[in-house]
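Here's the structure we're looking at; comments come further down.
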Amino acid sequence: MIRTFLFVLLTGCFFPLIAQDAYHGSLDNLLRTTYALPAPAQWVLPNTEAATLASEVNYGGITTAFSITGQSFTQGRRRVVNAGTNPWDAGHYYKNIAAVAAGNKCLIVFWLRSLTPNAKVNIFAENAVTYDKETYTAVSVGSEWQLYAVPVEAKAAYNAGALSIGLHLAESTQTVEIGGAACINYQNSVFFSQLPVLLNSSGYDGQAANAPWRAQAAADIEQFRKADMIVRVQNNSGQPVSGVKIHVEMLQHEFKFGTAVVSNRFNGGSAFDATYEQKLLNLDGKGHGFNEVVFENDLKWPAWEQAWFSSKPAIASDVRWLKDRGISVRGHNLVWPSWQYSPNDINASVTPAYLKTRIRNHLKNILTYSGIGTETIDWDVLNEITANTEYAAKFAGTPGYVTGRELYVDIFRQADSLAPNSVLYLNDYVAIEQGDSPSNGIATWKNRLNELVAAGAPVEGIGFQGHFSTTPTGIPRVKAIYDDFWNSYGLEAKVTEYDIDRLVSPATQADYMRDILTITFAHPSMKGFLMWGFWDGAHWLNNAPIFRQDWILKPSGEAFIDQVFKKWWTDETFTTTTSGDLTLRGFRGKYKITATCPDGSTQMQEIVLDATKTVQMTANCVTGIRETPADVELKAFAEAKFLQVSWSPALLQEPSLRLRVLDSTGRLMAAVHPQTLSNSHAFDLSSWPDGVYLVLLENGLQRQKTRVVVMD
């Protein structure tokens, strides 16, 4: 009894202690020997198969128990389910019997196989009351038993019974078999990165280097993202000037490549971070950074009213700071129609009249606030209306509101009247990030769009969120979704919130960054691509696409910089011919063009290449010659009616060499051509008057000179 009590104190496992069974012993041994993990600090679920399965919860579909041979586990459950509206319409889960502290590192384990082709499930750990997710990991399930392991670093603390761990199964009509469920808590004895990730993923459709979509995307980028630039160099007389070096230097893309930002981390904010600010402006080490940002939370309704991170004047200052540096700003978001995302006074108990007044006042307040409302190029007017229906339900059946969604039309119209120069977006997550899921909400979203368009709501843009799971949507499918919305509505669009699950391997994250960027940049409807944060230290999932917590560039960050600032970047140098013209095809955006004459003089101008454009430059170059470095010694002296000239042969011994003598008025007194020159020459002075003479030794574009006095 004393030994048992001591074990409980040491491990914190306040549940009946039963020796682990053979399966849990073999799992522990596998993890120790294969992945060098320590012994479990706790079993979060029971440490025997029988006890674990005795605590299971199943809903939706049919459950059958069966025995298993030939595996390390011996008992299983067969779940036959139909496709649901949501993946969670059928489930299989357990609750924790051991407490989990915030920051604990846990490993969720399942063995799975499917009797149905192309089966998909979601492995989850969530708060048993609020459903806040610790992990939500989509996996494909094959016909053979495979081990799945999903690491979790707990964001919150959970008492026994407060954490649900299991599977959502209603992605499609399918039969999935489950065995060997376990969850091991290593507490703080390991780093999160030490825990294995076993998703049995084959990547994503279109990942192959020779995937057919790539050739068409390259052609579309050439067509839609580039334009011809003709640089014409003339002198003041309108004559073409040849031999002028033209440097065409891109400064910024027309297409918006951006990120979500936290307001108080730059521009002297309360959590100012000099590195954060510097990286925002300079990602590639050459001064090129993001050209658009969206405030992650600051302009959301509750944050705006309660000043979560920055005051209203501070946010307005941030907007000015960004615009002064050529960075445009998106507004996110005006209304997120759920009590959960509303100010505290807006909840299920409010009346429709109160809610309408609060919405109207909020729109007026933020959209007329100096330096903010009308300074944003876009606004996400409504956010996630497919899943958030509480506002509409509040209005449904009241006068003038049959479905309640008529409220959305009111909101768009008021936003348009207050911010007529901003593009008004409808933003949602159900399209590209759920495109491969049979239960995606695309049909619902299009139905909502159809209602808005039919009612005359001024919807002007489509915001495709992009929080991709462990099974990111295939690239051909992403293009098909872009095509569908473009063909259906003809509206501009952006990827507004890109990131990807940190359980995806770094190599695949880099590949997907390259490919989702490419298919987005290639599509004529798309105006921008924004990630939802760029640094792990300020990211909602601690897994931003560009930089690690220590500011080390990630492989996906390398992929972003390589595409945006190398492959899709124009920086060329040319020399004009006798026509004085040159033509190139460059990526659309802002440019600096510098013309440098042979004599070193320069002309510069900035342009915006947004269509085929002729750039007229005036270059009054001094033609012919320029001074040489002073490493050629030229000597001249008058003696006995002769002007003696000599020079070092090191630099100027070439066929174009010539020697000239000019008087003080510039009149040519004598000239010697190349074929008569060696290293010296004597000019007869018998007919020259006394005076000062200029001696010039010239070679193409080079010259050396000296003066000599002639006197009797």
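Going by the structure tokens order, chains are called A, B, ..., each with residues numbered from 1, while ligands are numbered from 1 in the order shown.
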
Can you pull out every residue within 10 Å of region 303-307 of chain A, counting only C-alpha atoms, but drop anything in the same chain fewer than 4 positions away, and send it as a PyMOL selection string?
-> chain A and resi 297-299+311-312+314-315+341-343+362+365-366

Within 9 Å of Asn236 (chain A), counting only C-alpha atoms, which residues show up once you throw out same-chain ones fewer than 5 positions away? Write them as a PyMOL selection string, please.
-> chain A and resi 618-620

Just asking: which residues within region 396-637 of chain A are alpha helix (DSSP H) according to DSSP, as a PyMOL selection string?
-> chain A and resi 406-418+442-454+475-489+506-522+555-562

Contact residues around region 77-91 of chain A with only C-alpha atoms at 8 Å, ignoring same-chain residues under 3 positions, as a PDB file with N, CA and C atoms, in the first residue's frame:
ATOM      1  N   VAL A  57     -17.001   6.223 -26.443  1.00  0.00           N
ATOM      2  CA  VAL A  57     -18.272   6.852 -26.800  1.00  0.00           C
ATOM      3  C   VAL A  57     -18.372   6.818 -28.319  1.00  0.00           C
ATOM      4  N   ASN A  58     -19.487   6.283 -28.830  1.00  0.00           N
ATOM      5  CA  ASN A  58     -19.733   6.243 -30.263  1.00  0.00           C
ATOM      6  C   ASN A  58     -21.049   6.937 -30.563  1.00  0.00           C
ATOM      7  N   TYR A  59     -21.101   7.678 -31.651  1.00  0.00           N
ATOM      8  CA  TYR A  59     -22.367   8.264 -32.100  1.00  0.00           C
ATOM      9  C   TYR A  59     -22.345   8.358 -33.617  1.00  0.00           C
ATOM     10  N   GLY A  60     -23.512   8.256 -34.210  1.00  0.00           N
ATOM     11  CA  GLY A  60     -23.616   8.290 -35.665  1.00  0.00           C
ATOM     12  C   GLY A  60     -23.139   6.985 -36.262  1.00  0.00           C
ATOM     13  N   GLY A  61     -23.955   6.291 -37.050  1.00  0.00           N
ATOM     14  CA  GLY A  61     -23.533   5.055 -37.676  1.00  0.00           C
ATOM     15  C   GLY A  61     -23.689   3.850 -36.772  1.00  0.00           C
ATOM     16  N   ILE A  62     -23.049   2.759 -37.176  1.00  0.00           N
ATOM     17  CA  ILE A  62     -23.172   1.461 -36.503  1.00  0.00           C
ATOM     18  C   ILE A  62     -21.800   1.039 -36.005  1.00  0.00           C
ATOM     19  N   THR A  63     -21.778   0.496 -34.764  1.00  0.00           N
ATOM     20  CA  THR A  63     -20.524   0.056 -34.153  1.00  0.00           C
ATOM     21  C   THR A  63     -20.565  -1.445 -33.907  1.00  0.00           C
ATOM     22  N   THR A  64     -19.495  -2.130 -34.300  1.00  0.00           N
ATOM     23  CA  THR A  64     -19.377  -3.565 -34.059  1.00  0.00           C
ATOM     24  C   THR A  64     -18.037  -3.840 -33.402  1.00  0.00           C
ATOM     25  N   ALA A  65     -18.048  -4.648 -32.320  1.00  0.00           N
ATOM     26  CA  ALA A  65     -16.810  -5.060 -31.660  1.00  0.00           C
ATOM     27  C   ALA A  65     -16.301  -6.345 -32.308  1.00  0.00           C
ATOM     28  N   PHE A  66     -14.985  -6.492 -32.435  1.00  0.00           N
ATOM     29  CA  PHE A  66     -14.427  -7.714 -33.004  1.00  0.00           C
ATOM     30  C   PHE A  66     -13.018  -7.916 -32.463  1.00  0.00           C
ATOM     31  N   VAL A 121     -10.451  10.326 -42.005  1.00  0.00           N
ATOM     32  CA  VAL A 121     -10.957  10.622 -40.663  1.00  0.00           C
ATOM     33  C   VAL A 121     -10.163  11.794 -40.105  1.00  0.00           C
ATOM     34  N   ASN A 122     -10.665  12.350 -39.022  1.00  0.00           N
ATOM     35  CA  ASN A 122      -9.977  13.434 -38.321  1.00  0.00           C
ATOM     36  C   ASN A 122      -9.668  12.984 -36.900  1.00  0.00           C
ATOM     37  N   GLY A 166     -10.266  11.448 -29.802  1.00  0.00           N
ATOM     38  CA  GLY A 166     -10.913  10.459 -30.647  1.00  0.00           C
ATOM     39  C   GLY A 166     -10.869  10.773 -32.117  1.00  0.00           C
ATOM     40  N   LEU A 167     -11.910  10.310 -32.831  1.00  0.00           N
ATOM     41  CA  LEU A 167     -11.972  10.383 -34.281  1.00  0.00           C
ATOM     42  C   LEU A 167     -13.314  10.956 -34.717  1.00  0.00           C
ATOM     43  N   HIS A 168     -13.293  11.844 -35.687  1.00  0.00           N
ATOM     44  CA  HIS A 168     -14.504  12.244 -36.404  1.00  0.00           C
ATOM     45  C   HIS A 168     -14.507  11.494 -37.727  1.00  0.00           C
ATOM     46  N   LEU A 169     -15.633  10.878 -38.063  1.00  0.00           N
ATOM     47  CA  LEU A 169     -15.653   9.862 -39.102  1.00  0.00           C
ATOM     48  C   LEU A 169     -16.543  10.173 -40.293  1.00  0.00           C
ATOM     49  N   ALA A 170     -17.333  11.251 -40.252  1.00  0.00           N
ATOM     50  CA  ALA A 170     -18.374  11.459 -41.264  1.00  0.00           C
ATOM     51  C   ALA A 170     -17.891  12.251 -42.470  1.00  0.00           C
ATOM     52  N   GLU A 171     -16.605  12.153 -42.811  1.00  0.00           N
ATOM     53  CA  GLU A 171     -16.112  12.803 -44.018  1.00  0.00           C
ATOM     54  C   GLU A 171     -16.803  12.238 -45.255  1.00  0.00           C
ATOM     55  N   SER A 172     -17.100  10.941 -45.226  1.00  0.00           N
ATOM     56  CA  SER A 172     -17.783  10.301 -46.347  1.00  0.00           C
ATOM     57  C   SER A 172     -18.452   9.040 -45.837  1.00  0.00           C
ATOM     58  N   THR A 173     -19.224   8.397 -46.693  1.00  0.00           N
ATOM     59  CA  THR A 173     -19.808   7.105 -46.348  1.00  0.00           C
ATOM     60  C   THR A 173     -18.689   6.077 -46.398  1.00  0.00           C
ATOM     61  N   GLN A 174     -18.402   5.453 -45.240  1.00  0.00           N
ATOM     62  CA  GLN A 174     -17.211   4.613 -45.163  1.00  0.00           C
ATOM     63  C   GLN A 174     -17.290   3.661 -43.979  1.00  0.00           C
ATOM     64  N   THR A 175     -16.445   2.641 -44.035  1.00  0.00           N
ATOM     65  CA  THR A 175     -16.311   1.692 -42.936  1.00  0.00           C
ATOM     66  C   THR A 175     -14.865   1.731 -42.464  1.00  0.00           C
ATOM     67  N   VAL A 176     -14.679   2.111 -41.223  1.00  0.00           N
ATOM     68  CA  VAL A 176     -13.340   2.280 -40.661  1.00  0.00           C
ATOM     69  C   VAL A 176     -13.212   1.387 -39.443  1.00  0.00           C
ATOM     70  N   GLU A 177     -12.083   0.680 -39.334  1.00  0.00           N
ATOM     71  CA  GLU A 177     -11.809  -0.164 -38.178  1.00  0.00           C
ATOM     72  C   GLU A 177     -10.739   0.495 -37.311  1.00  0.00           C
ATOM     73  N   ILE A 178     -10.945   0.394 -35.987  1.00  0.00           N
ATOM     74  CA  ILE A 178     -10.139   1.140 -35.019  1.00  0.00           C
ATOM     75  C   ILE A 178      -9.593   0.175 -33.974  1.00  0.00           C
ATOM     76  N   GLY A 179      -8.329   0.328 -33.619  1.00  0.00           N
ATOM     77  CA  GLY A 179      -7.747  -0.460 -32.545  1.00  0.00           C
ATOM     78  C   GLY A 179      -6.607   0.291 -31.888  1.00  0.00           C
ATOM     79  N   PRO A 438     -15.413  15.738 -48.793  1.00  0.00           N
ATOM     80  CA  PRO A 438     -16.776  15.590 -49.320  1.00  0.00           C
ATOM     81  C   PRO A 438     -17.804  16.421 -48.561  1.00  0.00           C
ATOM     82  N   SER A 439     -17.476  16.794 -47.330  1.00  0.00           N
ATOM     83  CA  SER A 439     -18.431  17.559 -46.512  1.00  0.00           C
ATOM     84  C   SER A 439     -18.095  19.041 -46.485  1.00  0.00           C
ATOM     85  N   ASN A 440     -17.326  19.529 -47.506  1.00  0.00           N
ATOM     86  CA  ASN A 440     -17.006  20.959 -47.513  1.00  0.00           C
ATOM     87  C   ASN A 440     -18.285  21.784 -47.652  1.00  0.00           C
TER      88      ASN A 440
END

Between CA of Tyr408 (chain A) and CA of Ile432 (chain A) - distance in Å to one decimal = 22.8 Å

Excluding Ala156 (chain A) and any residue of its chain fewer than 3 positions from it, enumerate the residues within 8 Å of it, using only C-alpha atoms, and give them as a PyMOL selection string.
-> chain A and resi 101-103

Closest to Val564 (chain A) among A:Leu251, A:Ala636, A:Ala227, A:Leu418, using only C-alpha atoms?
->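 When distances to Val564 (chain A) are compared using only C-alpha atoms, the smallest one comes from A:Leu251.
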
Write down as a VMD selection string the residues belonging to region 306-412 of chain A that are assigned strand (DSSP E) by DSSP computed on the backbone.
-> chain A and resid 328 to 335 378 to 383

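What separates CA of Phe565 (chain A) from CA of Asp284 (chain A) is a distance of 7.3 Å.
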
Got a sec: who's within 7 Å of region 516-525 of chain A, counting only C-alpha atoms, leaving out chain neighbours fewer than 6 positions off, as a ChimeraX atom specification?
-> /A:217,220-221,224,475,479,486,491-493

Write out as a list in words the residues lying within 12 Å of Trp321 (chain A), counting only C-alpha atoms and excluding same-chain residues fewer than 3 positions away.
-> Ser263, Phe266, Asn267, Gly268, Gly269, Glu277, Leu281, Val293, Ala314, Ile315, Ala316, Ser317, Asp318, Asp324, Arg325, Gly326, Ile327, Ser328, Val329, Gly371, Ile372 and Glu375 of chain A

Write a file of the just-selected residues containing C-alpha atoms, as a PDB file, in the first residue's frame.
ATOM      1  CA  SER A 263      -0.167  46.150 -34.272  1.00  0.00           C
ATOM      2  CA  PHE A 266       6.097  47.554 -34.932  1.00  0.00           C
ATOM      3  CA  ASN A 267       6.087  51.334 -35.271  1.00  0.00           C
ATOM      4  CA  GLY A 268       7.052  51.783 -31.624  1.00  0.00           C
ATOM      5  CA  GLY A 269       4.125  49.774 -30.222  1.00  0.00           C
ATOM      6  CA  GLU A 277       9.612  45.342 -37.886  1.00  0.00           C
ATOM      7  CA  LEU A 281      10.101  45.342 -44.547  1.00  0.00           C
ATOM      8  CA  VAL A 293      -0.789  43.549 -44.402  1.00  0.00           C
ATOM      9  CA  ALA A 314      -2.085  53.993 -32.425  1.00  0.00           C
ATOM     10  CA  ILE A 315      -3.700  51.805 -35.085  1.00  0.00           C
ATOM     11  CA  ALA A 316      -4.264  54.866 -37.287  1.00  0.00           C
ATOM     12  CA  SER A 317      -0.572  55.703 -36.823  1.00  0.00           C
ATOM     13  CA  ASP A 318       0.315  52.143 -37.863  1.00  0.00           C
ATOM     14  CA  ASP A 324       4.373  55.622 -46.082  1.00  0.00           C
ATOM     15  CA  ARG A 325       6.426  52.511 -46.854  1.00  0.00           C
ATOM     16  CA  GLY A 326       4.278  51.447 -49.777  1.00  0.00           C
ATOM     17  CA  ILE A 327       2.390  48.747 -47.866  1.00  0.00           C
ATOM     18  CA  SER A 328      -1.367  48.596 -48.355  1.00  0.00           C
ATOM     19  CA  VAL A 329      -3.769  47.519 -45.599  1.00  0.00           C
ATOM     20  CA  GLY A 371      -6.857  57.299 -40.952  1.00  0.00           C
ATOM     21  CA  ILE A 372      -8.416  53.847 -40.769  1.00  0.00           C
ATOM     22  CA  GLU A 375      -7.534  54.003 -45.823  1.00  0.00           C
TER      23      GLU A 375
END

Using only C-alpha atoms, which of the listed residues (A:Val453, A:Leu697, A:Val244, A:Met531) sits closest to Gly557 (chain A)?
->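 Going through A:Val453, A:Leu697, A:Val244, A:Met531 one by one, the smallest distance to Gly557 (chain A) is for A:Met531.
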
Would you list the contacts of Leu696 (chain A) as a ChimeraX atom specification, taking every protein, DNA or RNA residue within 6 Å and counting only C-alpha atoms, but skipping same-chain residues closer than 3 positions in sequence?
-> /A:659-660,704-705

Atomic distance CA of Tyr512 (chain A) - CA of Glu153 (chain A), expressed in Å with one decimal =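 Computed distance, CA of Tyr512 (chain A) to CA of Glu153 (chain A), equals 24.3 Å.
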